[in-house]
Amino acid sequence: MPWTDDNLMSLQSHVLVEERHHPGATGDFTWILSAISLATKTIGNKVRRARIEDVIGELSEHNVQGEQQQKLDVISNEIIKSCLGSRANIGALVSEEEETPTVLRSHDDGGRYAVLFDPLDGSSNLDVSVGVGTIFSVVRLGDGVKGTPENMILTPESKQVAAGYVLYGSSTVFVLTTGQGVDMFVLDHSIGAFVLVKRDLMIPTSQKIYSINEAYVDRFPAGYRSYLEWAHEDGYSSRYIGSMVADIHRTLLKGGVFIYPPTDDRPEGKLRYLYEAMPMSMIIEQAGGRSIAGNQGRLLDIKPTSLHERIPVVMGSTDEVDHVERFLS
Ligand code: AHM
Ligand code: MG
């Protein structure tokens with residue numbers, strides 16, 4: 001029976017169907033995404049029970065970025081590593097929370113992919129039950145590229161081939177791109193599966209909404225301040241949750257622009273290239289939007305030189321990104 005919008009389709013079966021359309025497909029994605037699906041269901045369960053299990057709050061440790069780690073950051077990181085660690089085609093796991101990648105196997109031993117992830121983005125919002133999320137990126141490692149895992153991931157021969165996020169909000173939403181558009185799934189708790197709710201999601205081309213931490217305005221470069229003045233006069237509305245996954249999810253569905261600029265104290269911005277900016281840019285572009293690194297042009301054209309690099313971010317509806325860019329150039 002051909003697929004229609006009325007068919008019930010799980011994340012796993014959706015990926016299997018997509019792979020069938022690619023001659024030579026090896027089932028790699030099915031294998032990796034089923035592990036991500038298991039990990040995020042487990043993390044979602046922890047997030048919902050966090051108060052009850054008393055895992056809200058900070059640890060005494062700081063992560064590699066010097067930021068205070070939350071208990072659930074560490075728990076989520078371990079859950080992802082334990083679910084993905086057994087997948088035979090993954091060579092390395094790279095987490096925002098850890099300084100060095102976890103190397104699982106060499107390319108020669110079948111480790112053809114690296115999975116990069118921010119296990120629990122926005123975790124400082126957990127104690128007030130605001131939506132938080134997991135962001136991930138799947139990178140196909142370049143054939144024959146040798147060296148440290150860092151070199152193998154950052155070399156131009158290695159390519160991001162899939163990206164997604166899971167938002168633990170009023171519903172648990174899985175948004176995925178494998179480079180053929182963006183699909184959205186929602187966790188049906190009664191059957192324990194992510195089910196497809198929307199194929200080929202497209203971001204509206206314009207919407208007068210900006211999403212930025214405006215309290216830092218005095219520390220932004222002049223172009224961002226001028227943009228905000230223009231947007232005030234032009235009747236824009238502001239929406240900022242302070243949890244990137246939730247802010248991007250709203251931007252994807254409703255349109256607008258999400259901005260995290262450089263500031264005087266953080267000249268590179270706050271968001272991490274590999275774990276936040278790169279996967280979200282792929283999703284936004286696949287949904288027909290734009291993503292730029294402030295005044296440095298298309299974000300995905302910039303090649304990072306280290307794993308934990310930060311980058312300014314302007315992404316969302318094409319017209320809205322164009323407006324911001326006008327003031328930055
Ligand atoms: P985190 O990875 O430490 O949670 O930080 C990233 C979060 C993003 O979710 C969010 O967009 C941003 O920090 C908010 O930062 P700010 O509080 O400076 O506005
Ligand atoms: Mg984060």
# chains A, B, ... in the order shown; residues from 1 in each chain; ligands from 1
call {"tool": "select_by_dssp", "arguments": {"residues": "region 135-275 of chain A", "states": "strand (DSSP E or B)", "output": "PyMOL selection string"}}
result
chain A and resi 135-140+159-168+172-177+182-188+193-198+209-211+237-238+257-260+272
call {"tool": "residues_near_ligand", "arguments": {"ligand": "ligand 2", "cutoff": "10 Å", "atoms": "only C-alpha atoms and all ligand atoms", "output": "list in words"}}
result
Asp73, Glu96, Glu97, Phe117, Asp118, Pro119, Leu120, Asp121, Gly122, Ser123, Ser124, Val132, Gly133, Thr134, Ile135, Ser243, Met244, Val245, Lys270, Leu271, Arg272, Tyr275, Glu276 and Ala277 of chain A
call {"tool": "write_last_selection", "arguments": {"atoms": "C-alpha atoms", "output": "short mmCIF file (atom, residue, chain, number, x, y, z; two decimals), in the first residue's frame"}}
result
data_model
loop_
_atom_site.label_atom_id
_atom_site.label_comp_id
_atom_site.auth_asym_id
_atom_site.auth_seq_id
_atom_site.Cartn_x
_atom_site.Cartn_y
_atom_site.Cartn_z
CA ASP A 73 23.56 17.14 31.92
CA GLU A 96 29.54 19.27 24.41
CA GLU A 97 30.08 18.10 27.97
CA PHE A 117 25.66 16.04 20.56
CA ASP A 118 24.58 18.52 23.20
CA PRO A 119 22.93 16.04 25.58
CA LEU A 120 20.66 18.50 27.39
CA ASP A 121 20.58 21.99 25.97
CA GLY A 122 19.05 24.72 28.13
CA SER A 123 19.45 22.62 31.27
CA SER A 124 19.71 25.66 33.54
CA VAL A 132 14.86 21.67 27.20
CA GLY A 133 16.27 19.46 24.47
CA THR A 134 18.90 17.19 22.98
CA ILE A 135 20.66 18.33 19.78
CA SER A 243 16.46 27.36 25.66
CA MET A 244 17.80 27.09 22.11
CA VAL A 245 15.86 23.95 21.16
CA LYS A 270 27.90 31.77 23.31
CA LEU A 271 26.65 28.93 21.14
CA ARG A 272 28.89 26.07 20.11
CA TYR A 275 26.80 20.87 18.94
CA GLU A 276 24.30 23.70 18.47
CA ALA A 277 24.93 25.96 15.45
#
call {"tool": "closest_residue", "arguments": {"among": "A:Tyr113, A:Tyr224, A:Tyr273, A:Tyr216", "to": "ligand 1", "atoms": "only C-alpha atoms and all ligand atoms"}}
result
A:Tyr216
